[in-house]
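Participant: Dropping in query-v4.csv, with CSV, C-alpha atoms and all ligand atoms.
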```csv
chain,number,residue,atom,x,y,z
A,171,MET,CA,13.5,-27.8,42.9
A,172,LYS,CA,11.7,-24.8,44.3
A,173,ILE,CA,11.7,-21.8,42.0
A,174,ALA,CA,10.6,-18.4,43.1
A,175,ILE,CA,9.1,-16.1,40.4
A,176,LEU,CA,9.2,-12.4,41.1
A,177,SER,CA,8.7,-9.6,38.7
A,178,ASP,CA,8.4,-5.9,37.8
A,179,PHE,CA,10.2,-4.2,40.7
A,180,HIS,CA,10.4,-0.9,38.8
A,181,LEU,CA,13.4,0.4,40.8
A,182,GLY,CA,13.5,4.1,40.4
A,183,TYR,CA,9.8,4.5,39.8
A,184,GLU,CA,9.5,8.1,40.9
A,185,ARG,CA,6.1,8.3,42.4
A,186,PHE,CA,6.7,5.4,44.9
A,187,ARG,CA,10.4,5.1,44.8
A,188,GLU,CA,10.9,3.9,48.3
A,189,ASP,CA,8.1,1.4,47.9
A,190,ALA,CA,9.8,0.1,44.8
A,191,PHE,CA,13.0,-0.5,46.6
A,192,ASN,CA,11.7,-1.8,49.9
A,193,GLN,CA,9.1,-4.1,48.4
A,194,ALA,CA,11.6,-5.6,45.9
A,195,LYS,CA,14.0,-6.1,48.8
A,196,GLU,CA,11.5,-7.9,50.9
A,197,ALA,CA,10.4,-10.1,48.0
A,198,LEU,CA,13.9,-11.0,47.1
A,199,GLU,CA,14.9,-11.8,50.7
A,200,LYS,CA,11.8,-13.9,51.4
A,201,ALA,CA,12.2,-15.7,48.0
A,202,SER,CA,15.8,-16.5,48.5
A,203,SER,CA,15.1,-17.9,52.0
A,204,ILE,CA,12.4,-20.2,50.6
A,205,ALA,CA,13.5,-21.2,47.0
A,206,ASP,CA,16.5,-22.9,45.4
A,207,ALA,CA,16.5,-20.4,42.4
A,208,LEU,CA,15.0,-17.1,41.5
A,209,LEU,CA,13.4,-16.2,38.2
A,210,ILE,CA,12.7,-12.5,37.3
A,211,PRO,CA,10.7,-11.9,34.1
A,212,GLY,CA,11.7,-8.2,33.5
A,213,ASP,CA,11.3,-4.6,34.6
A,214,ILE,CA,13.8,-4.8,37.5
A,215,PHE,CA,14.3,-1.1,36.6
A,216,ASP,CA,11.7,1.4,35.7
A,217,SER,CA,13.8,2.9,32.9
A,218,ARG,CA,16.3,1.8,30.3
A,219,ASN,CA,18.6,4.7,31.3
A,220,PRO,CA,18.4,4.7,35.1
A,221,LYS,CA,20.4,7.3,36.9
A,222,PRO,CA,23.5,6.2,38.8
A,223,ASP,CA,21.7,6.3,42.2
A,224,VAL,CA,19.0,4.0,40.8
A,225,ILE,CA,21.6,1.6,39.4
A,226,ALA,CA,23.1,1.7,42.8
A,227,GLU,CA,19.8,0.6,44.3
A,228,GLY,CA,19.9,-2.4,41.9
A,229,LEU,CA,23.5,-3.2,42.7
A,230,ARG,CA,22.9,-3.0,46.4
A,231,LEU,CA,19.8,-5.2,46.3
A,232,PHE,CA,21.4,-7.9,44.2
A,233,ARG,CA,24.7,-7.8,45.9
A,234,ASP,CA,22.9,-8.9,49.1
A,235,ILE,CA,20.9,-11.5,47.4
A,236,ALA,CA,23.8,-12.9,45.3
A,237,SER,CA,25.8,-13.4,48.5
A,238,LYS,CA,23.3,-15.9,49.9
A,239,ASP,CA,23.5,-19.7,49.6
A,240,PHE,CA,21.1,-21.2,47.1
A,241,GLY,CA,20.0,-24.9,46.7
A,242,ALA,CA,20.6,-24.8,43.0
A,243,ARG,CA,23.4,-23.5,40.8
A,244,ALA,CA,23.5,-22.4,37.2
A,245,ILE,CA,25.8,-24.6,35.2
A,246,GLU,CA,25.3,-23.6,31.6
A,247,ILE,CA,24.1,-21.0,29.2
A,248,GLU,CA,23.4,-21.2,25.5
A,249,GLY,CA,22.4,-18.3,23.2
A,250,ARG,CA,22.5,-14.6,23.6
A,251,GLY,CA,22.7,-14.1,27.3
A,252,THR,CA,25.2,-12.9,29.9
A,253,LYS,CA,26.4,-15.3,32.7
A,254,PHE,CA,29.2,-14.4,35.0
A,255,THR,CA,28.0,-16.2,38.1
A,256,ASP,CA,26.7,-19.7,39.0
A,257,LYS,CA,24.1,-18.3,41.4
A,258,PRO,CA,20.7,-19.3,40.1
A,259,ILE,CA,19.3,-15.8,39.8
A,260,ILE,CA,17.9,-15.5,36.3
A,261,ALA,CA,16.4,-12.5,34.7
A,262,ILE,CA,15.4,-10.9,31.4
A,263,PRO,CA,15.1,-7.2,30.6
A,264,GLY,CA,11.5,-6.0,30.4
A,265,THR,CA,10.0,-3.5,28.0
A,266,HIS,CA,11.0,-0.6,30.4
A,267,GLU,CA,14.6,-1.7,30.1
A,268,ARG,CA,14.8,-2.5,26.5
A,269,ARG,CA,17.5,-0.8,24.4
A,270,SER,CA,18.5,-1.3,20.8
A,271,GLU,CA,20.3,-4.4,19.8
A,272,GLY,CA,23.9,-4.7,20.9
A,273,VAL,CA,23.6,-1.9,23.5
A,274,GLU,CA,23.8,-2.8,27.1
A,275,ASP,CA,20.7,-2.4,29.1
A,276,PRO,CA,20.5,-2.0,32.9
A,277,VAL,CA,20.0,-5.8,33.4
A,278,ASP,CA,23.3,-6.3,31.6
A,279,LEU,CA,25.0,-4.2,34.2
A,280,LEU,CA,23.8,-6.5,37.0
A,281,ALA,CA,24.8,-9.5,34.9
A,282,LEU,CA,28.3,-8.0,34.1
A,283,ALA,CA,28.7,-7.4,37.8
A,284,GLY,CA,28.1,-11.1,38.3
A,285,LEU,CA,25.0,-10.5,40.4
A,286,LEU,CA,22.5,-12.3,38.2
A,287,ILE,CA,22.3,-14.1,34.8
A,288,ASN,CA,20.7,-12.3,31.8
A,289,ALA,CA,18.8,-14.8,29.8
A,290,ARG,CA,17.7,-12.3,27.2
A,291,GLU,CA,17.6,-14.8,24.3
A,292,ALA,CA,19.2,-17.7,26.0
A,293,ARG,CA,18.7,-21.0,27.7
A,294,VAL,CA,20.1,-21.4,31.2
A,295,ILE,CA,20.5,-24.8,32.9
A,296,ILE,CA,20.3,-24.9,36.6
A,297,GLU,CA,21.1,-28.0,38.7
A,298,LYS,CA,20.3,-29.2,42.2
A,299,GLY,CA,21.5,-32.7,43.1
A,300,ASN,CA,20.4,-34.9,40.3
A,301,GLU,CA,17.7,-32.6,39.0
A,302,LYS,CA,18.2,-30.2,36.1
A,303,VAL,CA,15.9,-27.4,35.0
A,304,ALA,CA,16.2,-25.6,31.7
A,305,ILE,CA,15.0,-22.0,31.6
A,306,PHE,CA,14.5,-20.3,28.3
A,307,GLY,CA,14.1,-16.5,28.2
A,308,ILE,CA,13.2,-13.9,25.7
A,309,GLY,CA,13.4,-10.3,26.9
A,310,GLY,CA,10.6,-7.7,26.5
A,311,ILE,CA,10.3,-6.1,23.1
A,312,SER,CA,7.6,-4.4,21.1
A,313,ASP,CA,4.5,-6.6,20.7
A,314,GLU,CA,4.7,-6.2,16.9
A,315,ARG,CA,8.0,-7.9,16.9
A,316,PHE,CA,7.7,-10.5,19.6
A,317,ARG,CA,5.8,-13.0,17.3
A,318,ASP,CA,8.7,-12.8,14.7
A,319,VAL,CA,11.4,-13.1,17.4
A,320,VAL,CA,9.7,-16.2,18.8
A,321,LYS,CA,9.6,-17.7,15.3
A,322,LYS,CA,13.2,-16.8,14.6
A,323,ILE,CA,14.6,-18.1,17.9
A,324,ASP,CA,12.2,-21.0,18.0
A,325,PRO,CA,12.7,-21.9,21.7
A,326,LYS,CA,12.7,-25.7,22.3
A,327,PRO,CA,12.4,-27.6,25.5
A,328,LYS,CA,15.4,-29.8,26.4
A,329,GLU,CA,14.6,-33.4,26.6
A,330,GLY,CA,14.6,-35.1,30.0
A,331,LEU,CA,14.6,-31.8,31.9
A,332,PHE,CA,11.9,-29.7,33.5
A,333,ASN,CA,11.5,-26.8,31.0
A,334,ILE,CA,10.5,-23.3,31.7
A,335,PHE,CA,9.8,-20.5,29.1
A,336,PHE,CA,9.8,-17.0,30.5
A,337,PHE,CA,9.0,-13.7,28.7
A,338,HIS,CA,7.7,-10.2,29.2
A,339,GLN,CA,4.8,-9.3,26.9
A,340,SER,CA,1.1,-8.6,26.7
A,341,VAL,CA,-0.9,-11.7,25.9
A,342,TYR,CA,-4.0,-11.4,23.8
A,343,GLU,CA,-6.2,-13.7,25.8
A,344,LEU,CA,-5.5,-11.7,28.9
A,345,LEU,CA,-5.7,-8.3,27.3
A,346,PRO,CA,-8.0,-8.8,24.3
A,347,PHE,CA,-7.8,-5.3,22.7
A,348,ASN,CA,-4.8,-5.4,20.5
A,349,GLU,CA,-4.2,-7.9,17.7
A,350,ASN,CA,-0.5,-7.4,18.0
A,351,PHE,CA,-0.4,-9.1,21.3
A,352,ILE,CA,0.8,-12.7,21.1
A,353,LYS,CA,-1.8,-15.4,21.4
A,354,MET,CA,-1.4,-18.3,23.8
A,355,ASP,CA,-1.2,-20.8,21.0
A,356,GLU,CA,1.7,-18.9,19.4
A,357,LEU,CA,3.9,-19.4,22.5
A,358,PRO,CA,6.6,-22.0,22.0
A,359,LYS,CA,5.3,-25.5,22.6
A,360,GLY,CA,6.3,-28.3,24.9
A,361,PHE,CA,7.4,-26.4,28.0
A,362,ASP,CA,6.4,-27.5,31.4
A,363,LEU,CA,5.8,-24.0,32.8
A,364,TYR,CA,5.3,-20.6,31.3
A,365,ILE,CA,6.2,-17.4,33.1
A,366,ASP,CA,5.3,-13.8,32.0
A,367,GLY,CA,6.1,-10.4,33.5
A,368,HIS,CA,4.8,-7.1,32.2
A,369,ILE,CA,1.2,-7.4,33.6
A,370,HIS,CA,1.1,-5.8,37.0
A,371,ASN,CA,-1.6,-7.8,38.7
A,372,ARG,CA,-1.3,-11.5,39.5
A,373,LEU,CA,-2.7,-13.9,36.9
A,374,GLU,CA,-2.8,-17.6,36.4
A,375,TYR,CA,-3.8,-19.3,33.1
A,376,ASP,CA,-4.2,-22.9,32.0
A,377,LEU,CA,-2.3,-23.6,28.8
A,378,ASN,CA,-3.1,-27.1,27.5
A,379,GLY,CA,-2.6,-28.6,31.0
A,380,LYS,CA,0.5,-26.5,31.8
A,381,LYS,CA,0.5,-23.3,33.8
A,382,LEU,CA,1.2,-19.7,32.7
A,383,LEU,CA,2.0,-17.8,35.9
A,384,ILE,CA,2.2,-14.0,36.1
A,385,PRO,CA,3.3,-12.9,39.5
A,386,GLY,CA,2.4,-9.2,39.0
A,387,SER,CA,4.6,-6.3,40.1
A,388,THR,CA,6.0,-5.9,43.6
A,389,VAL,CA,5.1,-2.2,43.6
A,390,LEU,CA,1.9,-0.4,42.7
A,391,THR,CA,2.2,1.7,39.5
A,392,GLN,CA,-1.0,1.8,37.6
A,393,LEU,CA,-3.6,2.2,40.4
A,394,LYS,CA,-6.1,0.1,38.7
A,395,GLU,CA,-9.0,-1.7,40.4
A,396,LYS,CA,-7.3,-5.0,39.8
A,397,GLU,CA,-4.2,-3.9,41.7
A,398,GLN,CA,-5.9,-3.9,45.1
A,399,GLU,CA,-4.6,-7.4,45.9
A,400,GLN,CA,-1.6,-7.6,48.2
A,401,LYS,CA,1.7,-7.9,46.2
A,402,GLY,CA,3.9,-11.0,46.3
A,403,PHE,CA,5.6,-13.8,44.3
A,404,TYR,CA,5.1,-17.4,43.3
A,405,VAL,CA,7.1,-20.4,44.4
A,406,PHE,CA,6.8,-23.3,42.0
A,407,ASP,CA,7.9,-26.8,43.0
A,408,THR,CA,9.2,-28.7,40.0
A,409,GLU,CA,8.9,-32.1,41.8
A,410,THR,CA,5.3,-31.9,42.9
A,411,LYS,CA,4.3,-29.4,40.1
A,412,THR,CA,2.5,-27.4,42.7
A,413,TYR,CA,2.9,-23.7,43.5
A,414,SER,CA,1.9,-21.1,46.1
A,415,TYR,CA,1.8,-17.4,46.2
A,416,ILE,CA,3.7,-15.7,49.0
A,417,TYR,CA,2.6,-12.2,50.0
A,418,ILE,CA,4.9,-9.3,50.8
A,419,ASN,CA,4.1,-6.4,53.0
A,420,SER,CA,3.2,-4.1,50.1
A,421,ARG,CA,1.5,-0.7,50.6
A,422,LYS,CA,-2.3,-1.2,50.8
A,423,PHE,CA,-4.4,0.2,48.0
A,424,TYR,CA,-8.2,0.9,48.0
A,425,PHE,CA,-10.1,1.6,44.8
A,426,ILE,CA,-13.4,3.3,45.8
A,427,GLU,CA,-16.3,4.5,43.6
A,428,LEU,CA,-18.3,7.3,45.2
A,429,ASN,CA,-21.7,8.4,44.0
A,430,VAL,CA,-21.6,12.2,44.1
A,431,GLU,CA,-25.0,12.7,42.3
A,432,ASN,CA,-26.6,15.9,43.5
A,433,LYS,CA,-24.1,16.2,46.5
A,434,ASP,CA,-22.5,19.4,47.4
A,435,ILE,CA,-18.8,19.8,48.0
A,436,GLU,CA,-19.1,19.5,51.8
A,437,GLU,CA,-21.0,16.2,51.5
A,438,ILE,CA,-18.3,14.8,49.2
A,439,PHE,CA,-15.5,15.9,51.5
A,440,ASN,CA,-17.4,14.1,54.4
A,441,GLU,CA,-17.7,10.9,52.4
A,442,ILE,CA,-14.1,10.9,51.4
A,443,ASP,CA,-13.0,11.7,54.9
A,444,LYS,CA,-15.2,8.9,56.3
A,445,LYS,CA,-13.7,6.3,53.9
A,446,ILE,CA,-10.1,7.3,54.8
A,447,ASN,CA,-10.8,7.3,58.5
A,448,GLU,CA,-12.6,4.0,58.4
A,449,LYS,CA,-9.2,2.4,57.5
A,450,ASP,CA,-7.2,4.6,59.9
A,451,ASP,CA,-4.1,2.9,58.9
A,452,LYS,CA,-0.6,4.1,60.1
A,453,SER,CA,1.0,2.4,57.1
A,454,LYS,CA,-0.4,5.2,54.9
A,455,PRO,CA,-2.5,3.3,52.2
A,456,ILE,CA,-3.2,4.7,48.8
A,457,PHE,CA,-6.9,5.5,48.0
A,458,LYS,CA,-8.1,6.1,44.5
A,459,PHE,CA,-11.6,7.6,44.5
A,460,ILE,CA,-13.7,7.5,41.3
A,461,LEU,CA,-16.5,10.1,41.5
A,462,LYS,CA,-19.7,9.0,39.8
A,463,GLY,CA,-22.6,11.1,38.7
A,464,LYS,CA,-23.2,14.9,38.5
A,465,SER,CA,-22.5,16.7,41.7
A,466,LYS,CA,-24.4,19.9,42.8
A,467,THR,CA,-21.2,22.0,42.7
A,468,ASN,CA,-18.8,21.9,39.9
A,469,LEU,CA,-15.8,19.8,41.1
A,470,SER,CA,-12.3,20.6,40.2
A,471,LEU,CA,-10.2,17.5,40.6
A,472,SER,CA,-7.0,19.5,41.2
A,473,GLU,CA,-8.7,21.4,44.0
A,474,LEU,CA,-9.9,18.2,45.5
A,475,GLU,CA,-6.5,16.5,45.3
A,476,LYS,CA,-4.9,19.6,46.8
A,477,ARG,CA,-7.1,19.3,49.9
A,478,TYR,CA,-5.9,15.8,50.4
A,479,SER,CA,-2.3,16.2,49.2
A,480,ASN,CA,-0.6,16.2,52.7
A,481,LEU,CA,-2.5,13.7,54.7
A,482,GLU,CA,-0.5,11.7,57.3
A,483,ASN,CA,-2.5,8.5,57.1
A,484,ALA,CA,-3.3,8.3,53.3
A,485,ILE,CA,-2.2,9.0,49.8
A,486,ILE,CA,-5.1,10.2,47.7
A,487,GLU,CA,-5.9,10.2,44.0
A,488,ILE,CA,-9.2,11.3,42.7
A,489,ASP,CA,-10.8,10.9,39.3
A,490,LYS,CA,-14.2,11.5,37.8
A,491,GLU,CA,-15.9,8.6,36.1
A,492,GLY,CA,-16.0,8.8,32.3
A,493,GLU,CA,-13.5,11.6,32.1
A,494,GLU,CA,-11.5,10.0,29.4
A,495,VAL,CA,-9.1,12.8,29.0
A,496,ASN,CA,-8.4,12.7,32.6
A,497,ASN,CA,-7.9,9.0,32.7
A,498,ALA,CA,-5.7,9.2,29.7
A,499,LEU,CA,-3.6,11.9,31.3
A,500,SER,CA,-3.2,9.9,34.5
A,501,GLY,CA,-2.4,7.0,32.3
A,502,ILE,CA,0.3,9.0,30.6
A,503,ARG,CA,1.6,10.1,34.0
A,504,GLU,CA,1.9,6.4,35.0
A,505,GLY,CA,3.6,5.6,31.7
A,506,ASN,CA,0.8,3.5,30.3
A,507,ILE,CA,-2.7,3.6,28.8
A,508,GLU,CA,-5.0,0.6,29.3
A,509,GLY,CA,-1.9,-1.5,30.2
A,510,ILE,CA,-0.1,-0.5,27.0
A,511,THR,CA,3.1,1.3,27.8
A,512,ILE,CA,3.6,4.7,26.2
A,513,ARG,CA,6.6,3.2,24.5
A,514,ASP,CA,4.5,0.7,22.7
A,515,LEU,CA,2.0,3.4,21.8
A,516,GLN,CA,4.8,5.5,20.4
A,517,GLN,CA,5.9,2.6,18.4
A,518,SER,CA,2.5,1.8,17.0
A,519,ILE,CA,2.1,5.4,15.9
A,520,PHE,CA,5.6,5.5,14.4
A,521,LEU,CA,5.1,2.3,12.5
A,522,GLU,CA,1.7,3.3,11.1
A,523,TYR,CA,3.2,6.7,10.0
A,524,VAL,CA,6.3,5.2,8.4
A,525,SER,CA,4.5,2.4,6.6
A,526,LYS,CA,2.3,5.1,4.9
A,527,MET,CA,5.3,7.3,3.8
A,528,GLU,CA,5.9,7.4,0.1
A,529,GLU,CA,9.7,7.8,0.5
A,530,PHE,CA,9.8,4.7,2.7
A,531,LYS,CA,8.5,2.5,0.0
A,532,ASP,CA,12.0,2.7,-1.7
A,533,PHE,CA,13.7,1.6,1.5
A,534,ASN,CA,14.5,-2.1,1.7
A,535,ILE,CA,14.0,-2.2,5.4
A,536,SER,CA,11.0,-3.0,7.6
A,537,PRO,CA,9.5,-0.2,9.7
A,538,ILE,CA,10.3,-2.1,12.8
A,539,GLU,CA,13.9,-2.5,11.8
A,540,LEU,CA,14.1,1.2,11.2
A,541,LEU,CA,12.6,1.9,14.6
A,542,ASP,CA,15.2,-0.4,16.2
A,543,ILE,CA,18.0,1.5,14.6
A,544,LEU,CA,16.6,4.9,15.3
A,545,GLU,CA,16.2,4.0,19.0
A,546,ASN,CA,19.9,4.0,19.5
A,547,ASP,CA,20.7,6.8,21.9
A,548,LYS,CA,23.7,7.9,19.9
A,549,LYS,CA,22.4,9.8,16.9
A,550,GLU,CA,25.6,9.4,14.8
A,551,GLU,CA,25.7,5.7,15.4
A,552,ALA,CA,22.1,5.4,14.4
A,553,ILE,CA,22.6,7.2,11.1
A,554,GLU,CA,25.7,5.3,10.3
A,555,GLU,CA,23.9,2.0,11.0
A,556,LEU,CA,21.0,3.0,8.9
A,557,PHE,CA,23.2,3.9,5.9
A,558,GLU,CA,25.0,0.6,6.3
A,559,LYS,CA,21.8,-1.3,6.4
A,560,LEU,CA,20.4,0.5,3.3
A,561,ARG,CA,23.6,-0.1,1.4
A,562,LEU,CA,23.6,-3.8,2.2
A,563,ASN,CA,20.0,-4.2,1.3
B,601,MN,MN,6.3,-3.5,34.3
```
Would you mind writing the file out in structure tokens?
Ligand SMILES: [Mn+2]
Facilitator:
Amino acid sequence: MKIAILSDFHLGYERFREDAFNQAKEALEKASSIADALLIPGDIFDSRNPKPDVIAEGLRLFRDIASKDFGARAIEIEGRGTKFTDKPIIAIPGTHERRSEGVEDPVDLLALAGLLINAREARVIIEKGNEKVAIFGIGGISDERFRDVVKKIDPKPKEGLFNIFFFHQSVYELLPFNENFIKMDELPKGFDLYIDGHIHNRLEYDLNGKKLLIPGSTVLTQLKEKEQEQKGFYVFDTETKTYSYIYINSRKFYFIELNVENKDIEEIFNEIDKKINEKDDKSKPIFKFILKGKSKTNLSLSELEKRYSNLENAIIEIDKEGEEVNNALSGIREGNIEGITIRDLQQSIFLEYVSKMEEFKDFNISPIELLDILENDKKEEAIEELFEKLRLN
């Protein structure tokens, strides 16, 4: 069976909204013409509360895809998922889509419309001829909690089938700066293939002879050096255990470091112009320039960016090297810092604060549980739930 693995479409991502839609569409169309089944490990949408026009984009995309003929069909689901179709289009919500327990997230909407299967905490069996594949999913949650959820759900492979585990988290070995990230050896054992979303550049990792594949996002969001590679998706063949990466026509991205030591503003303009014109690309690539060294004239980034804000053949972003505040700010603008989403950061700060609170010591509830409850968009519901919980405990 051929299984396409595509991830992190970020529909509704404001900065490159058309790219998000068009590139997801191309990936989905190509994948459905090649593969027997589709696997989407999270962040179909950029937000957990997308506006109706963004939800419409999702519905439109998946209505087209779900109307195609697939080699495989989904025959069974066990666990906490939503299945109203037998089309083998299987997704989990990512960290961008996550809402509190029991509240529908945007992936649920697509699942309720019968356009895909939400395998949030579930195992889905798909079948093609005599072959069956079991796919176990856990949706994206805070990294602090993922470890516990894995332990609690304890995903197990199903004997005799090809077993896939898919999730949406940071993994410590790939991003070794936060101990909360799950370690490779804490992932459930015994699966034939591991799939992760969340990380926006493509990655492959050997896990005791099995593969962990991360297809990367289909749209540029973070503008990091590693994101220069053309976007695409994996196709894994469960019979031959081989896989390939299929590229899509994603917007090109160039990450360029410029030495501006002792240069005046005109020289810098000339160098930037030269780099842009070297490419002379009608498809309007994105350039991110990192200026290194101390220039002769004092450079204002906003002035520089203004000069390049309306080019016809390029989208320009300029940063100075070592300007941490600046980088942090552009990180915040992109919804992440060093690959950690703002949401995860908020959570870490909240958890640290709450666990130090004197009053909290009398509560019989873990900080993460408290956070989950408070995340409910409806204030009254959250307070009611909290009282209920405290009473029961
Ligand atoms: Mn993402």
Participant: Write out as a list in words each polymer residue (protein, DNA or RNA) that has an atom no more than 9 Å from ligand MN 601 (chain B), with all atoms listed in the file counted.
Facilitator: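 Answer in the requested format: Ser177, Asp178, Phe179, His180, Gly212, Asp213, Ile214, Phe215, Asp216, Gly264, Thr265, His266, His338, Gly367, His368, Ile369, His370, Gly386, Ser387, Thr391 and Thr511 of chain A.
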Participant: Kindly provide, as a PyMOL selection string, the polymer residues lying within 12 Å of (-4.8, -1.6, 42.5), counting all atoms listed in the file and using the coordinates exactly as they appear in the file.
Facilitator: chain A and resi 370-372+386-401+420-426+455-459+487
Participant: Go ahead and write the residues just picked, C-alpha atoms, as a compact mmCIF listing (two decimals), in the coordinates of the input.
Facilitator:
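Result file is part_14.txt:
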```
# COMPACT_ATOMS: atom_id res chain seq x y z
CA HIS A 370 1.10 -5.80 37.00
CA ASN A 371 -1.60 -7.80 38.70
CA ARG A 372 -1.30 -11.50 39.50
CA GLY A 386 2.40 -9.20 39.00
CA SER A 387 4.60 -6.30 40.10
CA THR A 388 6.00 -5.90 43.60
CA VAL A 389 5.10 -2.20 43.60
CA LEU A 390 1.90 -0.40 42.70
CA THR A 391 2.20 1.70 39.50
CA GLN A 392 -1.00 1.80 37.60
CA LEU A 393 -3.60 2.20 40.40
CA LYS A 394 -6.10 0.10 38.70
CA GLU A 395 -9.00 -1.70 40.40
CA LYS A 396 -7.30 -5.00 39.80
CA GLU A 397 -4.20 -3.90 41.70
CA GLN A 398 -5.90 -3.90 45.10
CA GLU A 399 -4.60 -7.40 45.90
CA GLN A 400 -1.60 -7.60 48.20
CA LYS A 401 1.70 -7.90 46.20
CA SER A 420 3.20 -4.10 50.10
CA ARG A 421 1.50 -0.70 50.60
CA LYS A 422 -2.30 -1.20 50.80
CA PHE A 423 -4.40 0.20 48.00
CA TYR A 424 -8.20 0.90 48.00
CA PHE A 425 -10.10 1.60 44.80
CA ILE A 426 -13.40 3.30 45.80
CA PRO A 455 -2.50 3.30 52.20
CA ILE A 456 -3.20 4.70 48.80
CA PHE A 457 -6.90 5.50 48.00
CA LYS A 458 -8.10 6.10 44.50
CA PHE A 459 -11.60 7.60 44.50
CA GLU A 487 -5.90 10.20 44.00
```
Participant: Take atom CA of Phe337 of chain A and atom CA of Gln193 of chain A and report the distance between them in Å, one decimal.
Facilitator: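 Rounded to one decimal, the two atoms are 21.9 Å apart.
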Participant: Using all atoms listed in the file, find the one residue out of A:Lys326, A:Arg317, A:Arg185, A:Lys559 that sits nearest to Ala292 of chain A.
Facilitator: A:Lys326
Participant: Considering all atoms listed in the file, state which residue in the set A:Ile486, A:Ile287, A:Ile225, A:Ile538 is at the smallest distance from Asp318 of chain A.
Facilitator: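 That would be A:Ile538, the residue with the smallest distance to Asp318 of chain A.
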Participant: Any idea what the distance is between atom CA of Asn333 of chain A and atom CA of Glu297 of chain A?
Facilitator: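 These atoms are spaced 12.4 Å apart.
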Participant: Point out the residue among A:Gly272, A:Gly379, A:Ile485, A:Asp313 with the least atom-to-atom distance to Glu349 of chain A, counting only C-alpha atoms.
Facilitator: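 Going through A:Gly272, A:Gly379, A:Ile485, A:Asp313 one by one, the smallest distance to Glu349 of chain A is for A:Asp313.
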Participant: For a test of reading the model, state the distance in Å between atom CA of Pro263 of chain A and atom CA of Val320 of chain A, rounded to one decimal.
Facilitator: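 Answer for the atom CA of Pro263 of chain A to atom CA of Val320 of chain A separation: 15.8 Å.
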Participant: Rank nothing, just name the residue among A:Gly182, A:Gly284, A:Pro385, A:Gly299 nearest to Val224 of chain A, using only C-alpha atoms.
Facilitator: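 The shortest atom-to-atom distance to Val224 of chain A comes from A:Gly182.
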Participant: Using all atoms listed in the file, find the one residue out of A:Val405, A:Asn350, A:Ile334, A:Ile295 that sits nearest to Asp206 of chain A.
Facilitator: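 Nearest to Asp206 of chain A: A:Val405.
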Participant: Of the candidates A:Leu377, A:Ile311, A:Val319, A:Met171, which shows the shortest atom-to-atom distance to Leu541 of chain A, using only C-alpha atoms?
Facilitator: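 Closest to Leu541 of chain A of all the choices is A:Ile311.
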Participant: Report as an MDAnalysis selection string all protein, DNA and RNA residues lying within 10 Å of Glu409 of chain A, evaluated on all atoms listed in the file, omitting residues in the same chain fewer than 6 positions from it.
Facilitator: chainID A and resid 171:172 301 332
Participant: Identify, on the basis of all atoms listed in the file, every residue whose closest approach to Tyr375 of chain A does not exceed 12 Å; exclude the query and any residue fewer than 4 positions from it along the same chain; express the result as a VMD selection string.
Facilitator: chain A and resid 341 343 to 344 354 363 to 366 379 to 385
